[in-house]
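Enquirer: Pasting in a structure now, in structure tokens, and then I'll have a few things to ask.
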Amino acid sequence: MGKVKKQDILDILDKYDKNDITIATLGSHTSLHILNGAKEEGFNTAVVCEKGREIPYKRFDVADEYIMVDKFKDIVDDDVQQKLKDMNSIVVPHGSFVAYAGLDRVEDDFNVPMFGNRDILRWEAERDLERQLLVENDIRIPYKYSNPSEIDRTVMVKFPGARGGRGYFVASSPEEFDKKIDAMKERNWIEDEDVAQAHIEEYVTGCNYCIHYFYSALKDEVELMGVDSRYESSIDGLVRMPAKDQLDVNFDPSYVITGNHPVVMRESLLPQVFEIGEKLVKSAAKLVSPGMNGPFCMQTLVNDDLEVIVFEISARTDGGTNTFMNGSSYSYLTYGEPMSMGRRVAREIKTALKEGGIEKIIT
């Protein structure tokens, strides 16, 4: 069928009643603040929700309309798409939307106007493409191993897609790599085809900071919106044990993200924070036009040399944005009012509809 063409999306958008736009998303991941922020900016809201998972959205009263589906992946079905278009919907993507709908169908079959650059979603999902975005402008990243047989120090092993840390593990030798791969297969966390796509990188010792940005295509400006760190199971449970007990436990920890908490970074690190955000925007504009558009996240480690090292990116709103539904220290400095990432997205859409430029931010 071929990729969805931007002009076709703009033609659909042109038929919308611009005074009755609905902001819609999939009921998972970061949908609470996406929908709440849209309501704060005066939009109608709609959630595509799996049956049995609608309780949070009803309890918090963030959705005006509900499109109930058997499975999240049904959001790309023709009847669901038509319902969204009938509501004059602009869909805001997030990690669960990409994971459940599937990149191929988002690129080829999803003919509903979306906020942001849908082409860049594949660049965050495929490790080699993600790495290109980072090395293009000399952003500091961990050393990558091309083959498990080359492992000569502690490494972190990751797999493609938005997995929330599931299946990640640490290894220090080829033998340990093979052993843990087998353990992950037994837990059905990875399949045979995943092994060939394993991303093996040096394990950087440092503090974890996930930095959330918003790139405004209307203003051509990178904004720092917030910073979080993660609670990860079962590694966090393991490190709470005394060291002597950790050595006695026959247990391979995982890095499944179960929650997030807001943090602030040492102020002297902020020049690096803005620099790497702006570098990534320039790389994306060059490699996957029009580049970053709206929310993105850089997952980093800061070592004891106070060097910010990027190990992963999200090219859409990231789960850590849930930590500032009422704004962060950084968004307050910019706006002087509560500003979630969802509200910032809605405000960009509102500004474009009012002042022009909607074609710059919709695909």
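Labels for the structure tokens follow display order: chains A, B, ..., residues from 1 in each chain, ligands from 1.
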Please report as a tab-separated table every residue of stretch 185-279 of chain A lying within 12 Å of stretch 313-325 of chain A, along with the nearest atom pair and their distance in Å (one decimal), using only C-alpha atoms.
Expert:
```
residue	atom	partner	partner_atom	distance
A:Tyr209	CA	A:Gly320	CA	10.1
A:Cys210	CA	A:Gly320	CA	7.3
A:Ile211	CA	A:Gly320	CA	8.6
A:His212	CA	A:Thr321	CA	7.1
A:Tyr213	CA	A:Thr317	CA	8.9
A:Phe214	CA	A:Thr317	CA	8.9
A:Tyr215	CA	A:Arg316	CA	10.5
A:Leu224	CA	A:Thr321	CA	11.7
A:Met225	CA	A:Thr321	CA	8.5
A:Gly226	CA	A:Phe324	CA	7.1
A:Val227	CA	A:Gly320	CA	7.6
A:Asp228	CA	A:Gly320	CA	5.8
A:Ser229	CA	A:Gly320	CA	7.5
A:Arg230	CA	A:Gly320	CA	7.8
A:Tyr231	CA	A:Gly320	CA	10.6
A:Ile257	CA	A:Gly319	CA	9.5
A:Thr258	CA	A:Gly319	CA	10.3
A:Gly259	CA	A:Gly320	CA	8.2
A:Asn260	CA	A:Gly320	CA	5.8
A:His261	CA	A:Thr323	CA	6.0
A:Pro262	CA	A:Thr323	CA	5.5
A:Val263	CA	A:Thr323	CA	9.1
A:Val264	CA	A:Thr323	CA	11.8
A:Ile276	CA	A:Ile313	CA	11.4
A:Gly277	CA	A:Ile313	CA	10.5
```
Enquirer: Which residues in stretch 148-256 of chain A does DSSP call strand (DSSP E)? List them as a compact mmCIF listing (two decimals) with N, CA and C atoms, in the first residue's frame.
Expert:
```
# COMPACT_ATOMS: atom_id res chain seq x y z
N VAL A 155 28.82 -5.06 30.04
CA VAL A 155 28.00 -4.44 28.99
C VAL A 155 26.53 -4.47 29.40
N MET A 156 25.76 -3.58 28.77
CA MET A 156 24.29 -3.61 28.88
C MET A 156 23.75 -4.12 27.56
N VAL A 157 22.82 -5.07 27.63
CA VAL A 157 22.22 -5.66 26.43
C VAL A 157 20.76 -5.24 26.35
N LYS A 158 20.38 -4.68 25.19
CA LYS A 158 19.01 -4.19 24.98
C LYS A 158 18.47 -4.77 23.68
N PHE A 169 19.56 -6.74 30.11
CA PHE A 169 20.39 -7.39 31.13
C PHE A 169 21.84 -6.96 31.02
N VAL A 170 22.59 -7.24 32.08
CA VAL A 170 24.01 -6.93 32.15
C VAL A 170 24.80 -8.22 31.99
N ALA A 171 25.91 -8.16 31.25
CA ALA A 171 26.79 -9.33 31.09
C ALA A 171 28.23 -8.86 31.05
N HIS A 199 21.33 -5.17 21.04
CA HIS A 199 22.22 -4.00 21.06
C HIS A 199 23.10 -4.12 22.29
N ILE A 200 24.40 -4.25 22.07
CA ILE A 200 25.35 -4.48 23.16
C ILE A 200 26.24 -3.25 23.29
N GLU A 201 26.21 -2.60 24.46
CA GLU A 201 26.99 -1.39 24.65
C GLU A 201 27.69 -1.41 26.01
N GLU A 202 28.76 -0.66 26.11
CA GLU A 202 29.48 -0.59 27.38
C GLU A 202 28.55 -0.16 28.50
N CYS A 207 24.75 8.20 37.38
CA CYS A 207 23.37 8.45 37.81
C CYS A 207 22.48 8.61 36.57
N ASN A 208 21.29 8.03 36.66
CA ASN A 208 20.35 8.03 35.54
C ASN A 208 19.46 9.27 35.57
N TYR A 209 19.44 10.00 34.45
CA TYR A 209 18.54 11.14 34.29
C TYR A 209 17.87 11.03 32.92
N CYS A 210 16.55 11.06 32.90
CA CYS A 210 15.82 11.07 31.64
C CYS A 210 15.32 12.49 31.42
N ILE A 211 15.82 13.12 30.37
CA ILE A 211 15.63 14.55 30.16
C ILE A 211 14.56 14.75 29.08
N HIS A 212 13.53 15.50 29.42
CA HIS A 212 12.38 15.68 28.53
C HIS A 212 12.41 17.07 27.90
N TYR A 213 12.34 17.06 26.58
CA TYR A 213 12.40 18.29 25.80
C TYR A 213 11.12 18.44 24.98
N PHE A 214 10.90 19.67 24.53
CA PHE A 214 9.87 19.93 23.53
C PHE A 214 10.50 20.82 22.46
N TYR A 215 10.47 20.32 21.22
CA TYR A 215 10.94 21.16 20.12
C TYR A 215 9.75 21.78 19.42
N SER A 216 9.68 23.09 19.44
CA SER A 216 8.60 23.80 18.77
C SER A 216 9.00 24.13 17.35
N GLU A 221 12.57 26.28 18.44
CA GLU A 221 13.21 26.40 19.75
C GLU A 221 13.08 25.11 20.54
N VAL A 222 14.17 24.75 21.23
CA VAL A 222 14.18 23.58 22.10
C VAL A 222 13.89 24.03 23.53
N GLU A 223 12.88 23.43 24.15
CA GLU A 223 12.52 23.76 25.52
C GLU A 223 12.84 22.58 26.44
N LEU A 224 13.36 22.85 27.61
CA LEU A 224 13.56 21.83 28.64
C LEU A 224 12.29 21.77 29.47
N MET A 225 11.63 20.61 29.47
CA MET A 225 10.33 20.49 30.13
C MET A 225 10.38 19.81 31.49
N GLY A 226 11.33 18.90 31.70
CA GLY A 226 11.39 18.20 32.97
C GLY A 226 12.44 17.10 32.94
N VAL A 227 12.72 16.53 34.11
CA VAL A 227 13.70 15.45 34.24
C VAL A 227 13.14 14.42 35.21
N ASP A 228 13.33 13.15 34.90
CA ASP A 228 12.90 12.11 35.84
C ASP A 228 13.97 11.03 35.95
N SER A 229 13.78 10.16 36.93
CA SER A 229 14.55 8.92 37.02
C SER A 229 13.54 7.81 37.22
N ARG A 230 14.00 6.54 37.12
CA ARG A 230 13.06 5.43 37.05
C ARG A 230 13.18 4.45 38.22
N TYR A 231 12.07 3.86 38.58
CA TYR A 231 12.05 2.69 39.44
C TYR A 231 12.02 1.46 38.53
N GLU A 232 12.96 0.56 38.71
CA GLU A 232 13.07 -0.59 37.81
C GLU A 232 13.06 -1.89 38.62
N SER A 233 12.25 -2.81 38.16
CA SER A 233 12.15 -4.12 38.79
C SER A 233 12.84 -5.15 37.88
N SER A 234 13.59 -6.00 38.45
CA SER A 234 13.77 -6.29 39.87
C SER A 234 15.12 -5.79 40.40
N TYR A 255 15.28 -5.05 34.28
CA TYR A 255 15.22 -3.58 34.33
C TYR A 255 13.87 -3.09 33.83
N VAL A 256 12.80 -3.77 34.20
CA VAL A 256 11.46 -3.38 33.78
C VAL A 256 11.04 -2.12 34.53
```
Enquirer: When distances are computed from only C-alpha atoms, which of A:Gly291, A:Gly37, A:Lys6, A:Phe97 shows the smallest separation from A:Gly327?
Expert: A:Gly37
Enquirer: Could you pull out all residues of stretch 1-81 of chain A with a DSSP call of alpha helix (DSSP H) and give them as a list in words?
Expert: Lys6, Gln7, Asp8, Ile9, Leu10, Asp11, Ile12, Leu13, Asp14, Ser31, Leu32, His33, Ile34, Leu35, Asn36, Gly37, Ala38, Lys39, Glu40, Ile55, Pro56, Tyr57, Lys58, Arg59, Asp78, Asp79, Val80 and Gln81 of chain A
Enquirer: Looking at A:Lys73, A:Arg140, A:Arg166, A:Lys180, which one is nearest to A:Glu275, with distances taken over only C-alpha atoms?
Expert: A:Arg140
Enquirer: One decimal, Å: what's the distance from atom CA of A:Asp104 over to atom CA of A:Phe72, could you say?
Expert: 15.2 Å
Enquirer: Choose the residue, out of A:Arg131, A:Arg53, A:Lys15, A:Arg347, that has the smallest atom-to-atom separation from A:Leu287; count only C-alpha atoms.
Expert: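 Checking each candidate against A:Leu287, we get A:Arg131 as the closest.
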Enquirer: Counting only C-alpha atoms, figure out which residue out of A:Lys350, A:Arg344, A:Lys5, A:Lys185 gets nearest to A:Asn117.
Expert: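 Going through A:Lys350, A:Arg344, A:Lys5, A:Lys185 one by one, the smallest distance to A:Asn117 is for A:Lys5.
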Enquirer: Suppose you want the space between atom CA of A:Leu280 and atom CA of A:Val106; what is it in Å?
Expert: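 These atoms are spaced 23.2 Å apart.
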Enquirer: Between atom CA of A:Asp70 and atom CA of A:Lys83, what is the distance, to one decimal in Å?
Expert: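 We find that atom CA of A:Asp70 and atom CA of A:Lys83 lie 15.5 Å from each other.
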Enquirer: Between A:Pro271, A:Pro56, A:Gly167, A:Pro93, which residue has the minimum interatomic distance to A:Ile120, considering only C-alpha atoms?
Expert: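 Answer, going by the shortest atom-to-atom distance: A:Pro93.
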Enquirer: Looking at only C-alpha atoms, which of A:Ser146, A:Lys85, A:Leu133, A:Asp78 is the one that sits closest to A:Ala285?
Expert: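 Nearest to A:Ala285: A:Leu133.
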Enquirer: Which residues are near A:Ile12? Cut-off 12 Å, only C-alpha atoms, ignore same chain within fewer than 3 positions. Put them as number ranges by chain.
Expert: A: 4-9, 15-18, 81-82, 84-90, 111-114, 359, 362-363
Enquirer: Using only C-alpha atoms, which protein or nucleic acid residues come within 12 Å of A:Met184? Drop anything in the same chain fewer than 5 positions from it, and give the result as a ChimeraX atom specification.
Expert: /A:157-159,166-169,177-179,189-192,194-195,252-254
Enquirer: The selected residues should be written to file as an mmCIF file, in the first residue's frame (atoms: N, CA, C and O atoms).
Expert:
```
data_model
loop_
_atom_site.group_PDB
_atom_site.id
_atom_site.type_symbol
_atom_site.label_atom_id
_atom_site.label_comp_id
_atom_site.auth_asym_id
_atom_site.auth_seq_id
_atom_site.Cartn_x
_atom_site.Cartn_y
_atom_site.Cartn_z
ATOM 1 N N VAL A 157 22.820 -5.073 27.633
ATOM 2 C CA VAL A 157 22.222 -5.663 26.433
ATOM 3 C C VAL A 157 20.761 -5.238 26.351
ATOM 4 O O VAL A 157 20.002 -5.391 27.315
ATOM 5 N N LYS A 158 20.376 -4.676 25.189
ATOM 6 C CA LYS A 158 19.013 -4.190 24.977
ATOM 7 C C LYS A 158 18.470 -4.774 23.683
ATOM 8 O O LYS A 158 19.225 -5.271 22.847
ATOM 9 N N PHE A 159 17.154 -4.623 23.512
ATOM 10 C CA PHE A 159 16.498 -5.147 22.326
ATOM 11 C C PHE A 159 15.629 -4.069 21.688
ATOM 12 O O PHE A 159 15.302 -3.064 22.322
ATOM 13 N N ARG A 166 12.043 -4.174 29.550
ATOM 14 C CA ARG A 166 11.848 -5.624 29.627
ATOM 15 C C ARG A 166 12.877 -6.347 28.758
ATOM 16 O O ARG A 166 13.043 -6.043 27.591
ATOM 17 N N GLY A 167 13.548 -7.326 29.361
ATOM 18 C CA GLY A 167 14.521 -8.124 28.641
ATOM 19 C C GLY A 167 15.939 -7.580 28.691
ATOM 20 O O GLY A 167 16.879 -8.266 28.282
ATOM 21 N N TYR A 168 16.137 -6.350 29.183
ATOM 22 C CA TYR A 168 17.488 -5.810 29.279
ATOM 23 C C TYR A 168 18.269 -6.583 30.339
ATOM 24 O O TYR A 168 17.711 -7.025 31.347
ATOM 25 N N PHE A 169 19.559 -6.744 30.113
ATOM 26 C CA PHE A 169 20.385 -7.392 31.134
ATOM 27 C C PHE A 169 21.837 -6.961 31.015
ATOM 28 O O PHE A 169 22.263 -6.392 30.006
ATOM 29 N N PHE A 177 26.602 -13.773 28.471
ATOM 30 C CA PHE A 177 25.616 -13.309 27.490
ATOM 31 C C PHE A 177 24.720 -14.468 27.051
ATOM 32 O O PHE A 177 23.492 -14.384 27.079
ATOM 33 N N ASP A 178 25.334 -15.582 26.641
ATOM 34 C CA ASP A 178 24.577 -16.733 26.159
ATOM 35 C C ASP A 178 23.659 -17.297 27.246
ATOM 36 O O ASP A 178 22.498 -17.648 26.983
ATOM 37 N N LYS A 179 24.175 -17.346 28.476
ATOM 38 C CA LYS A 179 23.401 -17.893 29.592
ATOM 39 C C LYS A 179 22.159 -17.039 29.855
ATOM 40 O O LYS A 179 21.048 -17.553 30.040
ATOM 41 N N TRP A 189 10.485 -13.469 27.238
ATOM 42 C CA TRP A 189 10.719 -12.032 27.137
ATOM 43 C C TRP A 189 11.356 -11.670 25.799
ATOM 44 O O TRP A 189 11.242 -10.528 25.358
ATOM 45 N N ILE A 190 12.042 -12.623 25.195
ATOM 46 C CA ILE A 190 12.608 -12.403 23.868
ATOM 47 C C ILE A 190 12.401 -13.668 23.044
ATOM 48 O O ILE A 190 12.137 -14.746 23.580
ATOM 49 N N GLU A 191 12.515 -13.509 21.717
ATOM 50 C CA GLU A 191 12.411 -14.643 20.811
ATOM 51 C C GLU A 191 13.711 -14.776 20.021
ATOM 52 O O GLU A 191 14.579 -13.895 20.081
ATOM 53 N N ASP A 192 13.834 -15.850 19.274
ATOM 54 C CA ASP A 192 15.085 -16.121 18.562
ATOM 55 C C ASP A 192 15.491 -14.963 17.658
ATOM 56 O O ASP A 192 16.663 -14.595 17.580
ATOM 57 N N ASP A 194 15.002 -11.898 18.045
ATOM 58 C CA ASP A 194 15.477 -10.732 18.800
ATOM 59 C C ASP A 194 16.979 -10.783 19.051
ATOM 60 O O ASP A 194 17.633 -9.747 19.157
ATOM 61 N N VAL A 195 17.524 -11.984 19.154
ATOM 62 C CA VAL A 195 18.929 -12.134 19.531
ATOM 63 C C VAL A 195 19.837 -11.486 18.496
ATOM 64 O O VAL A 195 20.819 -10.802 18.836
ATOM 65 N N ASP A 252 18.991 -13.372 38.360
ATOM 66 C CA ASP A 252 19.375 -12.428 37.318
ATOM 67 C C ASP A 252 18.361 -11.287 37.299
ATOM 68 O O ASP A 252 17.194 -11.495 36.938
ATOM 69 N N PRO A 253 18.772 -10.096 37.703
ATOM 70 C CA PRO A 253 17.822 -8.987 37.771
ATOM 71 C C PRO A 253 17.388 -8.506 36.393
ATOM 72 O O PRO A 253 18.095 -8.679 35.406
ATOM 73 N N SER A 254 16.222 -7.898 36.344
ATOM 74 C CA SER A 254 15.709 -7.280 35.122
ATOM 75 C C SER A 254 15.617 -5.766 35.340
ATOM 76 O O SER A 254 15.839 -5.263 36.436
#
```
